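*Asks:* Have a look at this one before I ask anything.
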Amino acid sequence: MCIRDRDDKMPEVAVGDEFHVSDIRLSSGQTQAPGYLTEADLIGLMEKHGIGTDASIPTHINNICERNYCGIQGGRTMVPTKLGIVLVHGIQNIDPELTLPMVRGKVEEYVALIATGKAKAQDVLDYAIGLFHSKFRFFTSNIDKMDALFGVSFSSLSA
């Protein structure tokens, strides 16, 4: 078997198959973090995961900027602030699901089912309230992790 182009799909392989190695290269380099998202990138991801509507997405973006979680720089690139970074790390430390789109996307998916008559509003409301209530209780019972992170990231006002 021979794989000639990087774009070729991997062939089917089984235990015991043999491969001919025609070239080995050692390259030096470092991985790089991906660049920051642009507003258009964020809008695309929000649409992909079913978060927000055409009417609400600009409001969400405005809110995260107004709350100083990120700023918008050249090329409409959204650059996180120290506050934004610490909040994300703190939330990930307590409940990683809260930083992923699945929770919000699932609730919005259920809300859309109301409009098509496939779900009852009260059932969706009960689900969402129950979900976020349990997440809130868990989060507040572990808030000391967030306090510790903020304590090492920001100076005290009394200092």
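Naming scheme: A, B, ... for chains in displayed order of the structure tokens; residues 1 onward per chain; ligands 1 onward as shown.
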What parts of segment 2-156 of chain A does DSSP call strand (DSSP E or B)? I'd like the answer as an MDAnalysis selection string.
*Replies:* chainID A and resid 38 70:73 77:80
*Asks:* Any chance you could list, as a ChimeraX atom specification, the residues in chain A that come up helix (DSSP H, G or I) when DSSP is run on the backbone?
*Replies:* /A:39-48,57-66,74-76,82-94,96-99,101-115,121-141,143-153
*Asks:* At a cut-off of 9 Å, using only C-alpha atoms, what residues contact Leu83 of chain A? Leave out same-chain residues fewer than 6 positions from it and give the result as a ChimeraX atom specification.
*Replies:* /A:68-70,150,153-154
*Asks:* At a cut-off of 10 Å, using only C-alpha atoms, what residues contact Ala40 of chain A? Leave out same-chain residues fewer than 4 positions from it and give the result as a list in words.
*Replies:*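 Here the answer would be Gly44, Leu45, Met46, Arg76, Thr77 and Met78 of chain A.
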*Asks:* Given the choices A:Val107, A:Val88, A:Pro96, A:Glu47, which gets closest to Phe132 of chain A if the distance is worked out from only C-alpha atoms?
*Replies:*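 Comparing A:Val107, A:Val88, A:Pro96, A:Glu47 against Phe132 of chain A, the winner is A:Val107.
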*Asks:* Which residue is closest to Gly74 of chain A? Choose from A:Leu26, A:Ala121, A:Leu149, A:Tyr36 and count only C-alpha atoms.
*Replies:*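 Among A:Leu26, A:Ala121, A:Leu149, A:Tyr36, it is A:Tyr36 that comes nearest to Gly74 of chain A.
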*Asks:* For Leu125 of chain A, list every protein, DNA or RNA residue within 10 Å, evaluated using only C-alpha atoms, and leave out those in the same chain fewer than 4 positions away; present the list as a PyMOL selection string.
*Replies:* chain A and resi 107+110-111+120-121+129-131
*Asks:* Separation of atom CA of Val13 of chain A and atom CA of Ser27 of chain A, in Å?
*Replies:*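 Here the two named atoms are 26.7 Å from each other.
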*Asks:* Can you pull out every residue within 10 Å of segment 61-67 of chain A, counting only C-alpha atoms, but drop anything in the same chain fewer than 4 positions away, and send it as a list in words?
*Replies:*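 Everything that qualifies: Glu39, Leu42, Ile43, Ser56, Ile57, Gly71, Ile72, Met78, Val79, Pro80, Thr81, Leu83 and Gly84 of chain A.
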*Asks:* In Å, with one decimal, what is the gap from atom CA of His49 of chain A to atom CA of Gly105 of chain A?
*Replies:*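 Those two atoms sit 5.7 Å apart.
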*Asks:* How far is it from atom CA of Gly35 of chain A to atom CA of Gln92 of chain A, in Å with one decimal?
*Replies:*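 Between atom CA of Gly35 of chain A and atom CA of Gln92 of chain A the gap works out to 20.4 Å.
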